[in-house]
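Each remark here refers to the structure printed beneath this line.
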Amino acid sequence: MTSCLQLQNCRALRLAWPPTGANPRPRPRCSLPLPPLPAGPLAGPGPHPLRGYSGGPAGLPQTLLRTDAFVGGRWLPAAAGTFPVQDPASGAQLGRVADCGAAEARGAVSAAHQAFCSWRGVSAKERSSLLRKWYDLMIKNKDDLAKIITAENGKPLKEAQGEVLYSALFLEWFSEEARRIYGDIIYTPAKDRRGLVLKQPVGVAAIITPWNFPSAMITRKVGAALAAGCTVVVKPAEDTPLSALALGELANQAGIPAGVYNVVPCSRQKTKEVGEALCTDPLVSKISFTGSTATGKILLHYAADSVKRVSMELGGHAPFIVFDSANVDQAVAGALASKYRNSGQTCVCSNRFLVQKGIHDSFVKKFAEVINRELRVGHGFEERTTQGPLINEKAVEKVEKHVSDAVSKGATIVTGGKRHSSGKNFFEPTLLSNVTSDMLCCQEETFGPLAPVIKFDTEEEALAIANAMDVGLAGYFYSQDPAQIWRVAEQLEVGMVGVNEGLLSTVECPFGGVKQSGLGREGSKYGIDEYLELKYVCYGGL
C-alpha cells in the first residue's frame with residue numbers, strides 16, 4: 001500500500017492533472033494539494049458532441065451523455081483532443097470523446113490516491129449508504145443507461161436493459177458487503193498475547209474493462225473496490241466509453257466523493273500507453289482487468305515490476321456437453337441462451353457443443369429449428385431484434401474465418417453461415433455439424449454467433465475434449481443421471497459450471513476461471529477480498 005507522503009517524490013505529482021477551473025467540486029483533503037496542469041491545447045467549449053443523435057425512436061438521453069474524462073470530481077478535456085465513438089450497427093459516429101494519454105492517466109491516479117487518503121477512513125456504513133444511492137440512481141435512470149449501451153455496443157435494447165439491472169445489482173450487493181468486512185481474534189500459546197487480524201483496503205485500483213458489458217464489468221469491480229475503501233481509475237474500452245462516463249455522472253449525483261471514481265477514456269492508439277501508465281504507476285496498488293488472455297499477460301508483466309495485486313478475468317472457450325440422458329428440449333433452450341446472448345460476444349458463452357451420439361441428430365435438428373424460429377437479426381433499437389451487430393468488422397471477419405476453415409475440413413452448415421444483409425457488422429446465427437476438434441472454431445474462442453457441434457461416444461471422450469484447452473472459464477452440461485452430474489461437475493477444468501442451465505452469472509456467486517482464464521474472483525462475498533489486505537497485529541502485555 002502506498003503512503004500519502006509518497007506523493008512528494010512521485011512522478012505522478014509532477015505530471016499533475018486535472019487543470020484548475022473546470023467544473024470544480026469539493027474534494028476530500030489529503031496531506032498534499034494537487035497542482036494544476038500547465039496550459040495546453042485543450043478542447044474548447046462548443047455544442048455537445050452527441051446532441052442530435054437518434055439511435056433509437058427517442059434518441060439518446062442528454063442528461064447522462066458525457067464526453068470528457070472524469071477526474072477528481074471534474075469533467076475535463078484531454079490535451080490531445082478527442083476520438084470518435086461509433087454505432088456498430090450503422091457505422092454512424094455517435095460523437096467524440098476525450099482521448100486521454102499517459103499524462104492524464106497518471107494525473108487520474110494522483111487524484112485517486114489523494115481521495116484514498118480520506119475515503120479509507122470513511123465508515124463502512126457511510127460507504128454502504130453512498131453505494132446504495134448510486135444503485136438507486138442507476139435504477140431510476142435504467143432506460144436511459146440501456147439506450148446508451150445499445151447505441152455504442154449494439155446489443156438489443158432488452159439485453160441492454162437486463163445488463164443495466166445486473167450492473168446496478170453489483171452496487172446494491174457490495175453496498176451490503178461493505179458492512180460485513182470482519183477481522184479475527186486469535187488466541188496464541190502465550191497467555192499475555194492476542195493475535196488480531198485486520199482487513200484494510202489495498203489502495204488505488206486500476207480498472208480496465210471490455211466493451212461487451214460496458215456497464216456491468218465496471219460495477220462488478222468498482223462496487224467491490226469502493227466497498228472495501230479503495231479508490232479507482234477506470235479505463236473503459238475504446239468502443240464503449242459512454243457507459244463508463246454515464247456511471248461517473250450518476251456517481252457524482254450520488255455524492256461519491258471527488259477522486260474516488262475516475263474515468264480516463266482513450267482511443268485504440270493510446271490504449272497501450274494508458275494501460276502501461278496505470279499498471280506501472282507506483283501509486284497504483286491493485287489492477288483488475290477483464291479482456292483477452294494475451295492482453296492479460298502483458299499487464300501481468302507490467303504489474304510484476306512493482307508486485308501489484310492483480311485479478312483478471314480472461315478468455316474462455318466454454319464447452320457445452322449434452323449427454324444421452326439429457327432432456328433434449330431443455331438442452332436446446334439452454335444452448336440458445338448460452339450461445340447467442342449478445343450475438344455470442346460474451347466470455348462465458350458456449351463455444352464448443354459436444355453432443356452424445358444417441359441424441360446428436362435430434363439435438364441438431366431441434367437446435368436449428370429454434371434458431372430459425374426465435375432469433376431475429378437487426379439494429380438493437382428495433383423491437384423484434386434478438387441479435388445485434390458484432391462490435392466491428394474485424395470481429396465479423398473472425399467468424400467468417402472460423403466458418404470457412406470448418407467447412408474446408410468437412411463441417412456442414414446447418415443454418416446461417418454468412419454475413420447478414422442488415423450491414424457489414426452483422427452475421428447470421430450459424431450452426432455447424434460434422435465438426436472435429438482440429439477445426440479452428442474448436443481451437444480458439446470465436447466470440448460471435450457460431451455454434452459448432454461435435455459428436456462424441458463416451459463421457460470420458462467428452463471430458464477429454466472439454467479439458468484439452470489451456471483456458472477454463474465456464475462449462476455447461478445437460479444430464480439427468482445424478483452420479484454422472486457429480487462426476488462431470490467435479491472433473492470439468494473450469495471455474496464455473498452450469499448443470500442443466502445455460503446462464504449462470506449472478507451477483508451472489510463467484511465469477512472467475514482457472515488455467516489461463518484468469519486470477520481471482522468477482523462478485524459474491526469473495527469479490528471484496530480482492531481489494532483487501534490482511535494485517536496481523538500481535539497485541540502483548542495483557
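By convention here, the chains of the C-alpha cells are called A, B, ... in the order presented, each chain's residues are numbered starting at 1, and ligands are numbered starting at 1 in the order presented.
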**Prompt:** So which residues touch segment 178-192 of chain A within 10 Å, counting only C-alpha atoms, skipping near sequence neighbours fewer than 2 positions away, as JSON, numbers by chain?
**Reply:** {"A": [123, 124, 125, 126, 127, 128, 129, 131, 173, 174, 175, 176, 194, 195, 196, 197, 198, 199, 200, 223, 224, 225, 226, 227, 228, 229, 525, 528, 529, 532, 534, 535, 536, 537, 538, 539, 540, 541, 542]}
I need the residues from that last selection saved to file as a short mmCIF file (atom, residue, chain, number, x, y, z; two decimals), in the first residue's frame (with N, CA and C atoms), if you can.
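Final file, out25.cif:
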data_model
loop_
_atom_site.label_atom_id
_atom_site.label_comp_id
_atom_site.auth_asym_id
_atom_site.auth_seq_id
_atom_site.Cartn_x
_atom_site.Cartn_y
_atom_site.Cartn_z
N SER A 123 -16.54 5.65 7.26
CA SER A 123 -17.11 4.48 7.92
C SER A 123 -17.74 3.54 6.90
N ALA A 124 -17.76 2.26 7.24
CA ALA A 124 -18.38 1.27 6.37
C ALA A 124 -19.84 1.59 6.12
N LYS A 125 -20.50 2.12 7.13
CA LYS A 125 -21.92 2.46 6.98
C LYS A 125 -22.10 3.57 5.96
N GLU A 126 -21.23 4.57 6.00
CA GLU A 126 -21.36 5.67 5.04
C GLU A 126 -21.02 5.22 3.63
N ARG A 127 -19.96 4.40 3.48
CA ARG A 127 -19.65 3.87 2.15
C ARG A 127 -20.84 3.06 1.61
N SER A 128 -21.43 2.28 2.48
CA SER A 128 -22.60 1.49 2.11
C SER A 128 -23.73 2.38 1.62
N SER A 129 -23.97 3.45 2.35
CA SER A 129 -25.07 4.36 2.01
C SER A 129 -24.84 5.03 0.65
N LEU A 131 -22.98 3.89 -1.89
CA LEU A 131 -23.15 2.90 -2.95
C LEU A 131 -24.61 2.61 -3.20
N TRP A 173 -25.33 -5.09 -4.01
CA TRP A 173 -24.71 -6.20 -3.28
C TRP A 173 -23.51 -5.71 -2.46
N PHE A 174 -22.63 -4.94 -3.09
CA PHE A 174 -21.44 -4.52 -2.37
C PHE A 174 -21.72 -3.38 -1.38
N SER A 175 -22.84 -2.68 -1.56
CA SER A 175 -23.24 -1.74 -0.51
C SER A 175 -23.56 -2.49 0.78
N GLU A 176 -24.05 -3.70 0.63
CA GLU A 176 -24.35 -4.54 1.80
C GLU A 176 -23.08 -5.21 2.33
N ARG A 194 -2.55 -11.65 22.31
CA ARG A 194 -3.65 -11.97 21.42
C ARG A 194 -3.23 -11.59 19.99
N GLY A 195 -3.66 -12.39 19.06
CA GLY A 195 -3.41 -12.06 17.66
C GLY A 195 -4.66 -11.45 17.04
N LEU A 196 -4.49 -10.31 16.41
CA LEU A 196 -5.61 -9.66 15.73
C LEU A 196 -5.36 -9.71 14.23
N VAL A 197 -6.39 -9.99 13.45
CA VAL A 197 -6.30 -9.95 12.00
C VAL A 197 -7.22 -8.85 11.50
N LEU A 198 -6.63 -7.84 10.88
CA LEU A 198 -7.39 -6.71 10.34
C LEU A 198 -7.47 -6.82 8.83
N LYS A 199 -8.55 -6.34 8.26
CA LYS A 199 -8.69 -6.24 6.81
C LYS A 199 -8.71 -4.77 6.44
N GLN A 200 -7.78 -4.38 5.55
CA GLN A 200 -7.66 -2.98 5.17
C GLN A 200 -7.62 -2.84 3.65
N GLY A 223 -17.76 -1.64 -7.52
CA GLY A 223 -18.57 -1.81 -6.31
C GLY A 223 -17.78 -2.45 -5.19
N ALA A 224 -17.04 -3.50 -5.52
CA ALA A 224 -16.22 -4.18 -4.51
C ALA A 224 -15.11 -3.27 -4.01
N ALA A 225 -14.45 -2.56 -4.93
CA ALA A 225 -13.33 -1.70 -4.55
C ALA A 225 -13.78 -0.59 -3.61
N LEU A 226 -14.87 0.10 -3.97
CA LEU A 226 -15.33 1.20 -3.13
C LEU A 226 -15.85 0.71 -1.79
N ALA A 227 -16.50 -0.44 -1.77
CA ALA A 227 -16.99 -1.01 -0.52
C ALA A 227 -15.84 -1.31 0.42
N ALA A 228 -14.71 -1.75 -0.14
CA ALA A 228 -13.55 -2.10 0.67
C ALA A 228 -12.80 -0.87 1.18
N GLY A 229 -13.07 0.29 0.57
CA GLY A 229 -12.37 1.51 0.95
C GLY A 229 -11.30 1.94 -0.03
N LYS A 525 -19.57 -12.91 -1.99
CA LYS A 525 -18.90 -12.45 -0.77
C LYS A 525 -17.38 -12.51 -0.91
N ILE A 528 -15.01 -8.99 -2.66
CA ILE A 528 -14.44 -7.84 -1.94
C ILE A 528 -13.04 -8.14 -1.41
N ASP A 529 -12.73 -9.43 -1.22
CA ASP A 529 -11.40 -9.80 -0.71
C ASP A 529 -10.28 -9.42 -1.68
N LEU A 532 -8.74 -6.14 -0.49
CA LEU A 532 -8.39 -6.03 0.93
C LEU A 532 -7.05 -6.71 1.21
N LEU A 534 -4.68 -8.34 4.37
CA LEU A 534 -4.73 -8.84 5.74
C LEU A 534 -3.54 -8.29 6.52
N LYS A 535 -3.81 -7.79 7.70
CA LYS A 535 -2.74 -7.32 8.58
C LYS A 535 -2.85 -8.04 9.93
N TYR A 536 -1.74 -8.66 10.33
CA TYR A 536 -1.69 -9.34 11.62
C TYR A 536 -1.10 -8.39 12.66
N VAL A 537 -1.79 -8.24 13.79
CA VAL A 537 -1.33 -7.41 14.89
C VAL A 537 -1.14 -8.30 16.12
N CYS A 538 0.07 -8.34 16.63
CA CYS A 538 0.35 -9.10 17.85
C CYS A 538 0.23 -8.14 19.04
N TYR A 539 -0.77 -8.38 19.86
CA TYR A 539 -1.09 -7.49 20.99
C TYR A 539 -0.60 -8.18 22.27
N GLY A 540 0.51 -7.66 22.83
CA GLY A 540 1.08 -8.28 24.01
C GLY A 540 0.91 -7.46 25.27
N GLY A 541 1.46 -8.00 26.36
CA GLY A 541 1.42 -7.31 27.64
C GLY A 541 0.06 -7.30 28.29
N LEU A 542 -0.75 -8.31 27.99
CA LEU A 542 -2.11 -8.35 28.55
C LEU A 542 -2.12 -8.96 29.94
#
**Message:** Which of segment 163-326 of chain A end up as alpha helix (DSSP H) when DSSP is run on this backbone - answer as a VMD selection string?
**Reply:** chain A and resid 163 to 177 216 to 228 241 to 254 271 to 280 293 to 304
**Request:** Report the residues of segment 327-516 of chain A whose backbone DSSP state falls under strand (DSSP E or B), written as a PyMOL selection string.
**Result:** chain A and resi 350-356+377+387+412-415+419+427+430-433+450-456+471-472+474-478+496-499+511+514-515
**Item:** Contacts of Met312 of chain A at 9 Å (only C-alpha atoms; same-chain gap of 6+ positions) as a count of residues only
**Value:** 14
**Asked** Pick the closest to Met469 of chain A from A:Gly315, A:Thr150, A:Asn327, A:Pro84: which is it, counting only C-alpha atoms?
**Response**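 Of all the options, A:Gly315 lies closest to Met469 of chain A.
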**Message:** Can you pull out the residues contacting Ala337 of chain A? Cut-off 10 Å, using only C-alpha atoms, and skip same-chain residues under 4 positions away; I want them as a PyMOL selection string.
**Reply:** chain A and resi 331-333+341-342+344+349-350+501-503
Selected residues, N, CA and C atoms, written as a PDB file, in the first residue's frame, please.
ATOM      1  N   ALA A 331     -32.049 -28.827 -23.140  1.00  0.00           N
ATOM      2  CA  ALA A 331     -30.685 -28.577 -23.608  1.00  0.00           C
ATOM      3  C   ALA A 331     -30.661 -27.592 -24.764  1.00  0.00           C
ATOM      4  N   VAL A 332     -31.600 -27.700 -25.665  1.00  0.00           N
ATOM      5  CA  VAL A 332     -31.678 -26.768 -26.799  1.00  0.00           C
ATOM      6  C   VAL A 332     -31.967 -25.355 -26.312  1.00  0.00           C
ATOM      7  N   ALA A 333     -32.890 -25.231 -25.377  1.00  0.00           N
ATOM      8  CA  ALA A 333     -33.209 -23.905 -24.827  1.00  0.00           C
ATOM      9  C   ALA A 333     -31.990 -23.309 -24.129  1.00  0.00           C
ATOM     10  N   ARG A 341     -26.653 -15.039 -26.736  1.00  0.00           N
ATOM     11  CA  ARG A 341     -26.777 -13.791 -25.987  1.00  0.00           C
ATOM     12  C   ARG A 341     -25.679 -12.835 -26.442  1.00  0.00           C
ATOM     13  N   ASN A 342     -26.045 -11.582 -26.673  1.00  0.00           N
ATOM     14  CA  ASN A 342     -25.098 -10.569 -27.156  1.00  0.00           C
ATOM     15  C   ASN A 342     -24.394 -11.038 -28.426  1.00  0.00           C
ATOM     16  N   GLY A 344     -23.293 -13.853 -29.238  1.00  0.00           N
ATOM     17  CA  GLY A 344     -22.152 -14.716 -28.968  1.00  0.00           C
ATOM     18  C   GLY A 344     -20.927 -13.996 -28.455  1.00  0.00           C
ATOM     19  N   CYS A 349     -20.000 -17.524 -22.979  1.00  0.00           N
ATOM     20  CA  CYS A 349     -20.913 -18.182 -23.907  1.00  0.00           C
ATOM     21  C   CYS A 349     -20.293 -19.477 -24.423  1.00  0.00           C
ATOM     22  N   SER A 350     -21.133 -20.435 -24.727  1.00  0.00           N
ATOM     23  CA  SER A 350     -20.665 -21.740 -25.188  1.00  0.00           C
ATOM     24  C   SER A 350     -19.989 -21.602 -26.550  1.00  0.00           C
ATOM     25  N   GLU A 501     -28.329 -25.880 -17.092  1.00  0.00           N
ATOM     26  CA  GLU A 501     -28.564 -24.439 -17.058  1.00  0.00           C
ATOM     27  C   GLU A 501     -27.572 -23.762 -17.986  1.00  0.00           C
ATOM     28  N   GLY A 502     -28.085 -22.892 -18.872  1.00  0.00           N
ATOM     29  CA  GLY A 502     -27.234 -22.229 -19.842  1.00  0.00           C
ATOM     30  C   GLY A 502     -26.776 -20.845 -19.452  1.00  0.00           C
ATOM     31  N   LEU A 503     -27.344 -20.282 -18.395  1.00  0.00           N
ATOM     32  CA  LEU A 503     -26.953 -18.963 -17.902  1.00  0.00           C
ATOM     33  C   LEU A 503     -26.611 -19.100 -16.429  1.00  0.00           C
TER      34      LEU A 503
END
Do you have, as CSV, the list of residues of segment 413-445 of chain A lying at most 9 Å from segment 377-395 of chain A, each with its nearest atom pair and that distance in Å to one decimal, counting only C-alpha atoms and ordered by chain then number?
residue,atom,partner,partner_atom,distance
A:His420,CA,A:Val377,CA,7.7
A:Ser422,CA,A:Gly378,CA,6.1
A:Gly423,CA,A:Pro389,CA,8.1
A:Lys424,CA,A:Glu393,CA,6.7
A:Asn425,CA,A:Pro389,CA,5.3
A:Phe426,CA,A:Pro389,CA,4.5
A:Phe427,CA,A:Pro389,CA,7.2
A:Glu428,CA,A:Val377,CA,7.3
A:Pro429,CA,A:Gln387,CA,8.1
**Request:** Tell me which protein, DNA and RNA residues are within 10 Å of Ala108 of chain A, counting only C-alpha atoms, leaving out same-chain ones fewer than 2 positions away, and put them as a list in words.
**Result:**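 Skipping anything fewer than 2 positions along the chain leaves Ala12, Ala16, Trp17, Pro18, Ala69, Phe70, Val71, Gly72, Ala102, Ala103, Glu104, Ala105, Arg106, Ser110, Ala111, Ala112, His113, Gln114, Val232, Val233, Val234, Gly259, Tyr261, Asn262, Val263, Val264 and Leu278 of chain A.
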**Request:** Can you work out the spacing between atom CA of Asp68 of chain A and atom CA of Arg268 of chain A in Å, to one decimal?
**Result:**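 For atom CA of Asp68 of chain A relative to atom CA of Arg268 of chain A, the distance reads 16.6 Å.
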**Prompt:** A:Cys509, A:Ala474, A:Cys266, A:Ala92: which is nearest Ala80 of chain A, counting only C-alpha atoms?
**Reply:** A:Cys266
**Asked** When you draw a straight line from atom CA of Asn153 of chain A to atom CA of Arg220 of chain A, how long is it in Å?
**Response**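 Calculated distance between atom CA of Asn153 of chain A and atom CA of Arg220 of chain A is 18.4 Å.
Compared by their closest atoms to Glu276 of chain A, and using only C-alpha atoms, the residues A:Val407, A:Ala246, A:Val260, A:Ile208 rank with A:Ile208 nearest.
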Using only C-alpha atoms, find each residue in segment 254-369 of chain A having at least one atom no more than 7 Å away from segment 477-495 of chain A; report its shortest atom-to-atom pair and that distance in Å (one decimal), rows by chain then rising number, as JSON lines.
{"residue": "A:Phe320", "atom": "CA", "partner": "A:Phe477", "partner_atom": "CA", "distance": 5.4}
{"residue": "A:Ile321", "atom": "CA", "partner": "A:Phe477", "partner_atom": "CA", "distance": 4.3}
{"residue": "A:Val322", "atom": "CA", "partner": "A:Tyr478", "partner_atom": "CA", "distance": 4.9}
{"residue": "A:Phe323", "atom": "CA", "partner": "A:Ser479", "partner_atom": "CA", "distance": 5.6}
{"residue": "A:Ser325", "atom": "CA", "partner": "A:Ser479", "partner_atom": "CA", "distance": 5.3}
{"residue": "A:Ala326", "atom": "CA", "partner": "A:Ser479", "partner_atom": "CA", "distance": 4.2}
{"residue": "A:Ala331", "atom": "CA", "partner": "A:Tyr478", "partner_atom": "CA", "distance": 6.2}
Any chance you could export the current selection's N, CA, C and O atoms as a short mmCIF file (atom, residue, chain, number, x, y, z; two decimals), in the first residue's frame?
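So again-v8.cif came out as:
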data_model
loop_
_atom_site.label_atom_id
_atom_site.label_comp_id
_atom_site.auth_asym_id
_atom_site.auth_seq_id
_atom_site.Cartn_x
_atom_site.Cartn_y
_atom_site.Cartn_z
N PHE A 320 -20.06 -27.08 -24.05
CA PHE A 320 -21.48 -27.30 -23.73
C PHE A 320 -21.75 -28.76 -24.09
O PHE A 320 -21.83 -29.11 -25.26
N ILE A 321 -21.85 -29.61 -23.07
CA ILE A 321 -21.95 -31.05 -23.28
C ILE A 321 -23.39 -31.51 -23.08
O ILE A 321 -24.03 -31.16 -22.08
N VAL A 322 -23.89 -32.29 -24.02
CA VAL A 322 -25.24 -32.85 -23.91
C VAL A 322 -25.12 -34.38 -23.93
O VAL A 322 -24.72 -34.96 -24.94
N PHE A 323 -25.45 -34.99 -22.80
CA PHE A 323 -25.37 -36.44 -22.69
C PHE A 323 -26.68 -37.10 -23.12
O PHE A 323 -27.74 -36.44 -23.16
N SER A 325 -28.66 -38.92 -21.60
CA SER A 325 -29.73 -38.89 -20.60
C SER A 325 -30.41 -37.53 -20.49
O SER A 325 -31.39 -37.38 -19.76
N ALA A 326 -29.91 -36.53 -21.21
CA ALA A 326 -30.43 -35.17 -21.07
C ALA A 326 -31.83 -35.03 -21.64
O ALA A 326 -32.25 -35.76 -22.53
N ALA A 331 -32.05 -28.83 -23.14
CA ALA A 331 -30.69 -28.58 -23.61
C ALA A 331 -30.66 -27.59 -24.76
O ALA A 331 -29.79 -26.71 -24.84
#
**Item:** Pick from A:Val471, A:Ala368, A:Ala160, A:Ile454 nearest to Leu145 of chain A, counting only C-alpha atoms
**Value:**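 For Leu145 of chain A, the nearest of the candidates is A:Ala160.
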**Message:** Between A:Leu64, A:Leu76, A:Gly107, A:Lys297, which residue has the minimum interatomic distance to Asp143 of chain A, considering only C-alpha atoms?
**Reply:**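 Using only C-alpha atoms, Asp143 of chain A sits closest to A:Leu64.
Our summary of the geometry notes that atom CA of Ser292 of chain A is positioned 26.1 Å from atom CA of Gln93 of chain A.
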**Message:** Excluding Val284 of chain A and its own-chain neighbours fewer than 2 positions away, which residues fall within 8 Å of it when counting only C-alpha atoms? Please give them as a ChimeraX atom specification.
**Reply:** /A:2,109,203-206,278-282,286-287,308
